[in-house]
file coords_22.cif (mmCIF, C-alpha atoms)
data_target
loop_
_atom_site.label_atom_id
_atom_site.label_comp_id
_atom_site.auth_asym_id
_atom_site.auth_seq_id
_atom_site.Cartn_x
_atom_site.Cartn_y
_atom_site.Cartn_z
CA MET A 1 2.59 157.88 126.13
CA GLN A 2 5.10 155.12 126.64
CA TYR A 3 5.02 152.85 129.69
CA ARG A 4 7.57 150.60 131.36
CA GLN A 5 7.45 148.17 134.26
CA LEU A 6 8.94 149.63 137.43
CA GLY A 7 12.03 147.54 138.09
CA ARG A 8 11.28 143.85 138.44
CA SER A 9 7.69 144.57 139.55
CA GLY A 10 4.63 144.14 137.39
CA LEU A 11 3.64 147.79 137.93
CA LYS A 12 3.46 149.81 134.70
CA VAL A 13 4.36 153.49 134.90
CA SER A 14 4.70 156.26 132.34
CA ARG A 15 8.19 157.05 131.02
CA LEU A 16 7.90 160.49 132.61
CA CYS A 17 7.03 160.91 136.28
CA LEU A 18 5.31 164.09 137.44
CA GLY A 19 7.24 165.60 140.33
CA THR A 20 5.15 167.81 142.60
CA MET A 21 7.74 169.49 144.85
CA ASN A 22 6.86 172.95 143.46
CA PHE A 23 3.15 172.59 144.23
CA GLY A 24 2.33 174.99 147.03
CA PRO A 25 5.54 176.99 147.52
CA GLN A 26 6.12 177.76 143.80
CA THR A 27 2.88 176.87 142.04
CA GLU A 28 -0.44 177.84 143.60
CA GLU A 29 -3.10 175.16 144.03
CA THR A 30 -5.38 175.97 141.10
CA ALA A 31 -2.44 175.93 138.67
CA ALA A 32 -1.06 172.76 140.28
CA GLN A 33 -4.37 170.96 139.81
CA ALA A 34 -4.50 172.09 136.18
CA ILE A 35 -0.98 170.68 135.66
CA MET A 36 -2.02 167.34 137.18
CA ASP A 37 -5.13 167.18 134.97
CA ALA A 38 -2.99 167.94 131.91
CA ALA A 39 -0.48 165.27 132.92
CA LEU A 40 -3.20 162.63 133.21
CA ASP A 41 -4.68 163.69 129.88
CA ALA A 42 -1.22 163.26 128.32
CA GLY A 43 -0.95 159.73 129.70
CA ILE A 44 1.36 160.41 132.65
CA ASN A 45 0.09 158.03 135.33
CA PHE A 46 3.06 158.29 137.74
CA PHE A 47 3.06 161.12 140.32
CA ASP A 48 5.80 161.63 142.91
CA THR A 49 5.58 163.63 146.13
CA ALA A 50 6.93 163.53 149.72
CA ASN A 51 5.51 164.16 153.16
CA VAL A 52 7.95 167.06 153.77
CA TYR A 53 7.13 168.93 150.55
CA GLY A 54 5.58 172.33 151.17
CA GLY A 55 8.42 174.11 152.90
CA SER A 56 9.64 174.27 156.49
CA LYS A 57 6.60 176.26 157.63
CA HIS A 58 4.01 174.01 155.98
CA ARG A 59 5.33 170.48 155.67
CA GLY A 60 2.68 168.29 154.10
CA TRP A 61 1.24 171.11 152.01
CA THR A 62 1.96 169.40 148.70
CA GLU A 63 0.32 166.14 149.81
CA GLU A 64 -2.72 168.15 150.89
CA ILE A 65 -2.96 169.69 147.42
CA LEU A 66 -2.87 166.22 145.85
CA GLY A 67 -5.48 165.01 148.32
CA ARG A 68 -7.92 167.76 147.39
CA TRP A 69 -7.29 167.01 143.72
CA PHE A 70 -8.02 163.30 144.24
CA ALA A 71 -11.20 164.24 146.14
CA LYS A 72 -12.57 165.96 143.02
CA GLY A 73 -13.26 162.48 141.63
CA GLY A 74 -13.23 161.69 137.95
CA GLU A 75 -11.16 158.57 138.72
CA ARG A 76 -8.16 160.79 139.39
CA ARG A 77 -6.88 158.49 142.13
CA GLU A 78 -7.63 155.31 140.18
CA ARG A 79 -5.69 156.61 137.17
CA THR A 80 -2.65 157.61 139.24
CA VAL A 81 0.29 155.53 140.45
CA LEU A 82 0.99 157.49 143.62
CA ALA A 83 4.46 157.70 145.14
CA THR A 84 5.37 159.54 148.33
CA LYS A 85 8.26 159.46 150.80
CA VAL A 86 9.12 159.10 154.47
CA TYR A 87 12.22 160.16 156.45
CA GLY A 88 12.22 163.92 156.91
CA THR A 89 11.32 165.69 160.14
CA MET A 90 7.63 166.53 160.38
CA GLU A 91 7.36 167.65 164.02
CA ASP A 92 9.84 168.80 166.66
CA ARG A 93 9.63 165.56 168.64
CA PRO A 94 12.19 162.72 169.00
CA ASN A 95 10.34 160.10 166.91
CA GLU A 96 9.09 162.30 164.06
CA SER A 97 11.83 161.58 161.53
CA LYS A 98 13.89 158.84 159.88
CA LEU A 99 12.88 155.18 159.54
CA SER A 100 12.00 153.74 162.93
CA ALA A 101 8.97 151.47 162.90
CA LEU A 102 7.14 154.05 165.00
CA HIS A 103 7.83 156.92 162.61
CA ILE A 104 7.01 154.85 159.52
CA ARG A 105 3.63 153.95 161.03
CA ARG A 106 2.80 157.51 162.09
CA ALA A 107 4.13 159.14 158.91
CA LEU A 108 2.29 156.69 156.66
CA ASP A 109 -1.04 157.27 158.39
CA ALA A 110 -0.52 161.04 158.24
CA SER A 111 0.31 160.90 154.50
CA LEU A 112 -2.78 158.79 153.82
CA GLN A 113 -4.91 161.37 155.62
CA ARG A 114 -3.41 164.32 153.74
CA LEU A 115 -3.63 162.51 150.40
CA LYS A 116 -7.23 161.41 151.07
CA THR A 117 -6.51 157.86 149.96
CA ASP A 118 -6.46 154.43 151.57
CA HIS A 119 -3.12 153.31 150.15
CA ILE A 120 0.21 154.47 148.68
CA ASP A 121 1.34 152.66 145.55
CA LEU A 122 5.07 153.33 146.04
CA TYR A 123 6.29 154.25 149.52
CA GLN A 124 9.87 155.51 149.35
CA PHE A 125 12.59 155.97 151.96
CA HIS A 126 13.69 159.56 151.29
CA HIS A 127 17.20 158.90 152.64
CA VAL A 128 19.13 156.04 154.20
CA ASP A 129 18.76 155.74 158.00
CA ARG A 130 22.10 154.53 159.35
CA ASN A 131 20.75 154.14 162.90
CA THR A 132 17.75 151.86 162.30
CA PRO A 133 18.36 148.18 161.45
CA TRP A 134 16.88 146.92 158.22
CA GLU A 135 15.07 144.14 160.09
CA GLU A 136 13.02 146.81 161.85
CA ILE A 137 12.39 148.79 158.67
CA TRP A 138 11.21 145.75 156.72
CA GLN A 139 9.04 144.58 159.58
CA ALA A 140 7.23 147.94 159.52
CA VAL A 141 6.89 147.80 155.74
CA ASP A 142 5.60 144.22 155.79
CA VAL A 143 2.93 145.16 158.33
CA ALA A 144 1.85 148.12 156.17
CA VAL A 145 1.69 145.88 153.09
CA GLN A 146 -0.42 143.33 154.98
CA GLN A 147 -2.73 146.13 156.07
CA GLY A 148 -3.13 147.22 152.45
CA LYS A 149 -1.68 150.66 153.14
CA ILE A 150 1.24 150.37 150.70
CA LEU A 151 1.91 148.15 147.70
CA TYR A 152 5.59 148.65 146.87
CA ALA A 153 8.65 150.11 148.60
CA GLY A 154 11.35 152.25 147.05
CA SER A 155 14.43 154.20 148.10
CA SER A 156 15.90 157.61 147.38
CA ASN A 157 19.45 158.95 147.68
CA PHE A 158 20.93 155.52 148.53
CA ALA A 159 24.47 154.44 147.79
CA GLY A 160 25.01 151.18 145.94
CA TRP A 161 25.96 149.31 149.11
CA HIS A 162 22.84 150.63 150.85
CA LEU A 163 20.74 149.03 148.10
CA ALA A 164 22.61 145.76 148.67
CA GLN A 165 22.02 146.00 152.43
CA ALA A 166 18.33 146.63 151.95
CA GLN A 167 17.78 143.86 149.43
CA GLU A 168 19.77 141.23 151.33
CA ALA A 169 17.91 142.03 154.55
CA ALA A 170 14.59 141.76 152.70
CA ALA A 171 15.62 138.41 151.22
CA ARG A 172 16.40 137.03 154.68
CA ARG A 173 12.85 137.92 155.74
CA GLN A 174 11.38 136.69 152.44
CA SER A 175 10.12 140.22 151.91
CA TYR A 176 9.79 141.68 148.43
CA GLY A 177 12.23 144.51 149.05
CA LEU A 178 12.79 147.65 146.99
CA VAL A 179 11.54 148.09 143.43
CA SER A 180 13.02 151.52 142.70
CA GLU A 181 15.75 154.00 143.58
CA GLN A 182 15.35 157.75 143.14
CA SER A 183 18.72 159.45 142.59
CA ILE A 184 20.07 162.67 141.17
CA TYR A 185 21.10 161.75 137.64
CA ASN A 186 21.62 163.94 134.61
CA LEU A 187 24.24 164.72 131.99
CA LEU A 188 26.16 166.89 134.45
CA THR A 189 25.87 164.61 137.50
CA ARG A 190 26.67 161.01 136.63
CA ASP A 191 28.24 159.63 139.82
CA VAL A 192 25.48 157.02 140.18
CA GLU A 193 27.01 155.23 137.21
CA LEU A 194 29.84 154.08 139.50
CA GLU A 195 27.86 151.79 141.81
CA VAL A 196 24.20 152.80 142.21
CA LEU A 197 23.10 151.90 138.68
CA PRO A 198 24.91 148.53 138.64
CA ALA A 199 23.45 147.64 142.04
CA ALA A 200 19.96 148.71 140.98
CA GLN A 201 20.13 146.65 137.81
CA HIS A 202 21.47 143.63 139.70
CA TYR A 203 18.63 143.74 142.23
CA GLY A 204 15.90 144.63 139.75
CA LEU A 205 15.29 148.25 140.75
CA GLY A 206 14.07 150.91 138.36
CA ILE A 207 15.93 154.23 138.46
CA LEU A 208 13.89 157.43 138.85
CA PRO A 209 16.25 160.37 138.18
CA TRP A 210 15.51 163.60 140.01
CA SER A 211 16.82 166.99 138.85
CA PRO A 212 17.08 165.74 135.24
CA LEU A 213 17.88 169.28 134.04
CA HIS A 214 20.28 169.97 136.93
CA GLY A 215 18.24 172.84 138.30
CA GLY A 216 17.63 174.29 134.84
CA LEU A 217 21.27 174.38 133.70
CA LEU A 218 20.48 171.84 130.97
CA GLY A 219 17.30 173.63 129.93
CA GLY A 220 18.84 176.23 127.62
CA VAL A 221 20.06 178.59 130.33
CA LEU A 222 22.63 180.34 128.11
CA LYS A 223 20.15 180.83 125.28
CA LYS A 224 17.74 182.38 127.77
CA GLU A 225 20.45 184.62 129.18
CA ASP A 226 21.50 185.72 125.69
CA ALA A 227 17.88 186.61 124.96
CA GLY A 228 17.55 188.47 128.27
CA VAL A 229 14.81 186.09 129.39
CA ARG A 230 16.50 184.68 132.47
CA ARG A 231 19.19 185.80 134.89
CA THR A 232 20.90 183.01 136.80
CA GLN A 233 21.45 183.58 140.52
CA GLY A 234 22.69 181.86 143.68
CA ARG A 235 23.99 178.28 143.52
CA ALA A 236 22.85 177.94 139.92
CA LEU A 237 25.10 180.87 139.00
CA GLU A 238 28.13 179.21 140.62
CA ALA A 239 27.39 175.94 138.80
CA LEU A 240 27.00 177.83 135.54
CA LYS A 241 30.40 179.50 135.99
CA LYS A 242 32.00 176.08 136.52
CA HIS A 243 30.33 174.38 133.55
CA ARG A 244 29.75 177.31 131.15
CA ASN A 245 31.95 175.94 128.36
CA GLN A 246 30.34 172.50 128.53
CA ILE A 247 26.85 173.96 128.56
CA ARG A 248 27.65 176.19 125.59
CA ARG A 249 28.89 173.17 123.61
CA TYR A 250 25.79 171.27 124.70
CA GLU A 251 23.38 173.98 123.61
CA ASP A 252 25.19 174.29 120.28
CA PHE A 253 24.84 170.53 119.78
CA ALA A 254 21.13 170.73 120.60
CA ASP A 255 20.83 173.37 117.86
CA GLU A 256 22.64 171.03 115.44
CA LEU A 257 20.08 168.33 116.22
CA GLY A 258 17.19 170.77 116.00
CA GLN A 259 16.17 169.98 119.58
CA GLU A 260 15.43 172.08 122.63
CA PRO A 261 18.17 171.60 125.26
CA GLY A 262 15.74 170.53 128.00
CA GLN A 263 14.14 167.93 125.76
CA LEU A 264 17.55 166.62 124.74
CA ALA A 265 18.60 166.18 128.40
CA LEU A 266 15.42 164.24 129.18
CA ALA A 267 15.75 162.17 126.01
CA TRP A 268 19.30 161.21 126.99
CA LEU A 269 18.01 159.83 130.30
CA LEU A 270 15.23 157.94 128.51
CA HIS A 271 17.94 156.23 126.43
CA GLN A 272 19.76 154.94 129.54
CA PRO A 273 18.82 151.26 130.11
CA ALA A 274 18.61 151.53 133.92
CA VAL A 275 16.19 154.47 133.83
CA THR A 276 12.47 153.89 134.20
CA ALA A 277 11.19 157.46 134.35
CA PRO A 278 12.87 160.84 134.88
CA ILE A 279 11.01 163.01 137.38
CA VAL A 280 9.96 166.32 135.83
CA GLY A 281 8.80 169.11 138.14
CA PRO A 282 6.96 171.67 136.02
CA ARG A 283 5.80 174.93 137.57
CA THR A 284 3.54 175.64 134.57
CA ILE A 285 1.57 173.67 131.98
CA GLU A 286 3.93 175.06 129.32
CA GLN A 287 6.89 173.43 131.09
CA LEU A 288 4.96 170.15 131.25
CA ARG A 289 4.25 170.27 127.52
CA ALA A 290 7.91 170.96 126.80
CA ALA A 291 8.94 167.92 128.85
CA LEU A 292 6.49 165.71 126.97
CA GLY A 293 8.31 166.56 123.74
CA ALA A 294 11.32 164.55 124.96
CA LEU A 295 9.37 161.33 124.36
CA GLN A 296 9.59 161.94 120.62
CA VAL A 297 13.36 162.53 120.52
CA GLN A 298 15.37 159.60 119.17
CA LEU A 299 19.13 159.63 119.67
CA ASP A 300 21.43 157.45 117.60
CA ALA A 301 24.76 156.03 118.75
CA GLU A 302 26.66 158.97 117.27
CA ALA A 303 24.57 161.51 119.18
CA LEU A 304 24.93 159.58 122.44
CA THR A 305 28.71 159.42 121.94
CA ARG A 306 28.82 163.15 121.29
CA LEU A 307 26.96 163.83 124.54
CA ASP A 308 29.39 161.58 126.41
CA THR A 309 32.22 163.64 124.95
CA ILE A 310 30.69 166.89 126.19
CA PHE A 311 29.71 165.42 129.57
CA PRO A 312 32.03 162.47 130.33
CA GLY A 313 30.36 159.69 132.30
CA ARG A 314 31.65 157.22 134.85
CA ARG A 315 32.52 153.57 134.32
CA THR A 316 31.34 150.92 136.75
CA ALA A 317 33.53 150.69 139.86
CA PRO A 318 36.27 149.61 140.29
CA GLU A 319 37.29 149.91 136.64
CA ASP A 320 36.50 153.63 136.74
CA TYR A 321 39.51 154.22 138.98
CA ALA A 322 41.47 150.92 139.03
CA TRP A 323 42.32 148.05 136.70
#

call {"tool": "encode", "arguments": {"input": "coords_22.cif", "output": "structure tokens"}}
result
Amino acid sequence: MQYRQLGRSGLKVSRLCLGTMNFGPQTEETAAQAIMDAALDAGINFFDTANVYGGSKHRGWTEEILGRWFAKGGERRERTVLATKVYGTMEDRPNESKLSALHIRRALDASLQRLKTDHIDLYQFHHVDRNTPWEEIWQAVDVAVQQGKILYAGSSNFAGWHLAQAQEAAARRQSYGLVSEQSIYNLLTRDVELEVLPAAQHYGLGILPWSPLHGGLLGGVLKKEDAGVRRTQGRALEALKKHRNQIRRYEDFADELGQEPGQLALAWLLHQPAVTAPIVGPRTIEQLRAALGALQVQLDAEALTRLDTIFPGRRTAPEDYAW
């Protein structure tokens, strides 16, 4: 396994992050625990979850599964860099969502209880809260840090100017601020290259891409359809119709390189300088093992240029759209 420091922090995390959103609704608990054990055995020390994971009828379910896994011992908690999130609605009451100091305090304590741990290593804001001032947010975070309940703070789904707001407000308080940003980023969706990535690099944040295979579209979907293994439905079907020609060219290029499409998509992210660790969300151990293969894929400048030709990226703003 390869490791990299998370942003400007001294925290070392694996180059792949285990996403747990499927645990509970898609992957039953015994299988989820087996996946987590296999991830640790492979050297993945970075696990990502959120307080709302588990579905609308059982929010917190995924954290509960992790908590029972930690409780099995074997230094599972000590070997894991644990990341969870706050923002989403947990109860049908006025102060049970977003980033008020009250909700941060209540949500953090509830996550700690579900996760059966005394601290969160990376506590992430799941979305920007436009109605709560950053002075209040950082005050709540600073108190939690002083109490030993969290070590680092991160963001998710922030625009570039939101990152600037957060970091400048933290600097005024002499708070440490954010160390990471979790954004959708893959070969098909590259909008973060406009402003989010430059802002993150300027402020020393590591990027944690979610949906690195764009919901499976970069995982060999056409090959699977041709073989009768998979039938695309719903929103994925609409996206496939829009990008079918690109995806066909991409899968053909993966064949030229002798690589599996999913591994190639992850490897491309691992070659992006702003990226610390793509978040992979396997439903099975076989999917986890396939993702691990991306760590061995080396892409030269010619291959990276070819991928940019198939999936054009964005230049840093404003040059992307102005002089």

call {"tool": "atom_distance", "arguments": {"input": "coords_22.cif", "atom1": "atom CA of His58 of chain A", "atom2": "atom CA of Asp118 of chain A"}}
result
22.6 Å

call {"tool": "residues_around", "arguments": {"input": "coords_22.cif", "residues": "Pro133 of chain A", "least_positions_apart": "3", "cutoff": "12 Å", "atoms": "all atoms listed in the file", "output": "PDB file with C-alpha atoms, in the coordinates of the input"}}
result
ATOM      1  CA  LYS A  98      13.890 158.840 159.880  1.00  0.00           C
ATOM      2  CA  LEU A  99      12.880 155.180 159.540  1.00  0.00           C
ATOM      3  CA  SER A 100      12.000 153.740 162.930  1.00  0.00           C
ATOM      4  CA  ALA A 101       8.970 151.470 162.900  1.00  0.00           C
ATOM      5  CA  VAL A 128      19.130 156.040 154.200  1.00  0.00           C
ATOM      6  CA  ASP A 129      18.760 155.740 158.000  1.00  0.00           C
ATOM      7  CA  ARG A 130      22.100 154.530 159.350  1.00  0.00           C
ATOM      8  CA  GLU A 136      13.020 146.810 161.850  1.00  0.00           C
ATOM      9  CA  ILE A 137      12.390 148.790 158.670  1.00  0.00           C
ATOM     10  CA  TRP A 138      11.210 145.750 156.720  1.00  0.00           C
ATOM     11  CA  GLN A 139       9.040 144.580 159.580  1.00  0.00           C
ATOM     12  CA  ALA A 140       7.230 147.940 159.520  1.00  0.00           C
ATOM     13  CA  HIS A 162      22.840 150.630 150.850  1.00  0.00           C
ATOM     14  CA  GLN A 165      22.020 146.000 152.430  1.00  0.00           C
ATOM     15  CA  ALA A 166      18.330 146.630 151.950  1.00  0.00           C
ATOM     16  CA  ALA A 169      17.910 142.030 154.550  1.00  0.00           C
ATOM     17  CA  ALA A 170      14.590 141.760 152.700  1.00  0.00           C
TER      18      ALA A 170
END

call {"tool": "atom_distance", "arguments": {"input": "coords_22.cif", "atom1": "atom CA of Gly177 of chain A", "atom2": "atom CA of Ala317 of chain A"}}
result
24.0 Å

call {"tool": "resolve_selection", "arguments": {"input": "coords_22.cif", "expression": "the PyMOL selection byres ((chain A and resi 197-203) around 8)", "output": "list in words"}}
result
Gly160, Trp161, Leu163, Ala164, Gln167, Ser180, Glu181, Val192, Glu193, Leu194, Glu195, Val196, Gly204, Leu205, Gly206, Ile207, Ala274 and Thr316 of chain A

call {"tool": "closest_residue", "arguments": {"input": "coords_22.cif", "among": "A:Arg172, A:Lys12, A:His214, A:Lys223", "to": "Ile184 of chain A", "atoms": "all atoms listed in the file"}}
result
A:His214

call {"tool": "closest_atom_pairs", "arguments": {"input": "coords_22.cif", "of": "segment 111-204 of chain A", "to": "segment 241-247 of chain A", "cutoff": "12 Å", "atoms": "only C-alpha atoms", "output": "JSON lines"}}
result
{"residue": "A:Leu187", "atom": "CA", "partner": "A:Ile247", "partner_atom": "CA", "distance": 10.2}
{"residue": "A:Leu188", "atom": "CA", "partner": "A:His243", "partner_atom": "CA", "distance": 8.6}
{"residue": "A:Thr189", "atom": "CA", "partner": "A:His243", "partner_atom": "CA", "distance": 11.4}

call {"tool": "atom_distance", "arguments": {"input": "coords_22.cif", "atom1": "atom CA of Leu122 of chain A", "atom2": "atom CA of Gly148 of chain A"}}
result
12.1 Å

call {"tool": "residues_around", "arguments": {"input": "coords_22.cif", "residues": "Val52 of chain A", "least_positions_apart": "5", "cutoff": "7 Å", "atoms": "all atoms listed in the file", "output": "count of residues only"}}
result
4

call {"tool": "residues_around", "arguments": {"input": "coords_22.cif", "residues": "Tyr3 of chain A", "least_positions_apart": "6", "cutoff": "8 Å", "atoms": "only C-alpha atoms", "output": "NGL selection string"}}
result
:A and (12-15)

call {"tool": "closest_atom_pairs", "arguments": {"input": "coords_22.cif", "of": "segment 201-303 of chain A", "to": "segment 25-37 of chain A", "cutoff": "12 Å", "atoms": "all atoms listed in the file", "output": "JSON lines"}}
result
{"residue": "A:Val280", "atom": "CA", "partner": "A:Ile35", "partner_atom": "CA", "distance": 11.8}
{"residue": "A:Gly281", "atom": "CA", "partner": "A:Ile35", "partner_atom": "CA", "distance": 10.2}
{"residue": "A:Pro282", "atom": "CA", "partner": "A:Ile35", "partner_atom": "CA", "distance": 8.0}
{"residue": "A:Arg283", "atom": "CA", "partner": "A:Thr27", "partner_atom": "CA", "distance": 5.7}
{"residue": "A:Thr284", "atom": "CA", "partner": "A:Ile35", "partner_atom": "CA", "distance": 6.8}
{"residue": "A:Ile285", "atom": "CA", "partner": "A:Ile35", "partner_atom": "CA", "distance": 5.4}
{"residue": "A:Glu286", "atom": "CA", "partner": "A:Ile35", "partner_atom": "CA", "distance": 9.1}
{"residue": "A:Gln287", "atom": "CA", "partner": "A:Ile35", "partner_atom": "CA", "distance": 9.5}
{"residue": "A:Leu288", "atom": "CA", "partner": "A:Ile35", "partner_atom": "CA", "distance": 7.4}
{"residue": "A:Arg289", "atom": "CA", "partner": "A:Ile35", "partner_atom": "CA", "distance": 9.7}

call {"tool": "write_last_selection", "arguments": {"input": "coords_22.cif", "atoms": "C-alpha atoms", "output": "short mmCIF file (atom, residue, chain, number, x, y, z; two decimals), keeping the file's coordinate frame"}}
result
data_model
loop_
_atom_site.label_atom_id
_atom_site.label_comp_id
_atom_site.auth_asym_id
_atom_site.auth_seq_id
_atom_site.Cartn_x
_atom_site.Cartn_y
_atom_site.Cartn_z
CA VAL A 280 9.96 166.32 135.83
CA GLY A 281 8.80 169.11 138.14
CA PRO A 282 6.96 171.67 136.02
CA ARG A 283 5.80 174.93 137.57
CA THR A 284 3.54 175.64 134.57
CA ILE A 285 1.57 173.67 131.98
CA GLU A 286 3.93 175.06 129.32
CA GLN A 287 6.89 173.43 131.09
CA LEU A 288 4.96 170.15 131.25
CA ARG A 289 4.25 170.27 127.52
#

call {"tool": "residues_near_point", "arguments": {"input": "coords_22.cif", "point": "(13.6, 169.7, 120.4)", "cutoff": "10 Å", "atoms": "only C-alpha atoms", "output": "PDB file with C-alpha atoms, in the coordinates of the input"}}
result
ATOM      1  CA  ALA A 254      21.130 170.730 120.600  1.00  0.00           C
ATOM      2  CA  ASP A 255      20.830 173.370 117.860  1.00  0.00           C
ATOM      3  CA  LEU A 257      20.080 168.330 116.220  1.00  0.00           C
ATOM      4  CA  GLY A 258      17.190 170.770 116.000  1.00  0.00           C
ATOM      5  CA  GLN A 259      16.170 169.980 119.580  1.00  0.00           C
ATOM      6  CA  GLU A 260      15.430 172.080 122.630  1.00  0.00           C
ATOM      7  CA  PRO A 261      18.170 171.600 125.260  1.00  0.00           C
ATOM      8  CA  GLY A 262      15.740 170.530 128.000  1.00  0.00           C
ATOM      9  CA  GLN A 263      14.140 167.930 125.760  1.00  0.00           C
ATOM     10  CA  LEU A 264      17.550 166.620 124.740  1.00  0.00           C
ATOM     11  CA  ALA A 267      15.750 162.170 126.010  1.00  0.00           C
ATOM     12  CA  ALA A 290       7.910 170.960 126.800  1.00  0.00           C
ATOM     13  CA  ALA A 291       8.940 167.920 128.850  1.00  0.00           C
ATOM     14  CA  GLY A 293       8.310 166.560 123.740  1.00  0.00           C
ATOM     15  CA  ALA A 294      11.320 164.550 124.960  1.00  0.00           C
ATOM     16  CA  GLN A 296       9.590 161.940 120.620  1.00  0.00           C
ATOM     17  CA  VAL A 297      13.360 162.530 120.520  1.00  0.00           C
TER      18      VAL A 297
END

call {"tool": "build_atoms", "arguments": {"input": "coords_22.cif", "residues": "segment 196-214 of chain A", "atoms": "N, CA and C atoms", "output": "CSV table (one decimal), in the frame of the given file"}}
result
chain,number,residue,atom,x,y,z
A,196,VAL,N,25.6,152.8,142.0
A,196,VAL,CA,24.2,152.8,142.2
A,196,VAL,C,23.5,152.1,141.0
A,197,LEU,N,23.8,152.5,139.8
A,197,LEU,CA,23.1,151.9,138.7
A,197,LEU,C,23.4,150.4,138.6
A,198,PRO,N,24.7,150.0,138.7
A,198,PRO,CA,24.9,148.5,138.6
A,198,PRO,C,24.2,147.8,139.7
A,199,ALA,N,24.2,148.3,140.9
A,199,ALA,CA,23.4,147.6,142.0
A,199,ALA,C,22.0,147.6,141.8
A,200,ALA,N,21.4,148.7,141.3
A,200,ALA,CA,20.0,148.7,141.0
A,200,ALA,C,19.6,147.7,139.9
A,201,GLN,N,20.4,147.6,138.9
A,201,GLN,CA,20.1,146.6,137.8
A,201,GLN,C,20.3,145.2,138.3
A,202,HIS,N,21.3,145.0,139.2
A,202,HIS,CA,21.5,143.6,139.7
A,202,HIS,C,20.3,143.2,140.5
A,203,TYR,N,19.7,144.1,141.3
A,203,TYR,CA,18.6,143.7,142.2
A,203,TYR,C,17.2,144.0,141.6
A,204,GLY,N,17.2,144.4,140.4
A,204,GLY,CA,15.9,144.6,139.8
A,204,GLY,C,15.2,145.9,140.2
A,205,LEU,N,15.9,147.0,140.4
A,205,LEU,CA,15.3,148.2,140.8
A,205,LEU,C,15.3,149.2,139.5
A,206,GLY,N,14.1,149.9,139.4
A,206,GLY,CA,14.1,150.9,138.4
A,206,GLY,C,14.6,152.2,138.9
A,207,ILE,N,15.3,153.0,138.1
A,207,ILE,CA,15.9,154.2,138.5
A,207,ILE,C,15.0,155.4,138.1
A,208,LEU,N,14.7,156.2,139.0
A,208,LEU,CA,13.9,157.4,138.8
A,208,LEU,C,14.8,158.7,139.1
A,209,PRO,N,15.3,159.2,138.0
A,209,PRO,CA,16.2,160.4,138.2
A,209,PRO,C,15.5,161.6,138.6
A,210,TRP,N,16.0,162.3,139.7
A,210,TRP,CA,15.5,163.6,140.0
A,210,TRP,C,16.5,164.7,139.6
A,211,SER,N,16.0,165.9,139.4
A,211,SER,CA,16.8,167.0,138.8
A,211,SER,C,17.4,166.6,137.5
A,212,PRO,N,16.6,166.2,136.6
A,212,PRO,CA,17.1,165.7,135.2
A,212,PRO,C,17.7,166.9,134.4
A,213,LEU,N,17.3,168.1,134.7
A,213,LEU,CA,17.9,169.3,134.0
A,213,LEU,C,18.9,170.0,134.9
A,214,HIS,N,19.3,169.4,136.0
A,214,HIS,CA,20.3,170.0,136.9
A,214,HIS,C,19.9,171.4,137.3
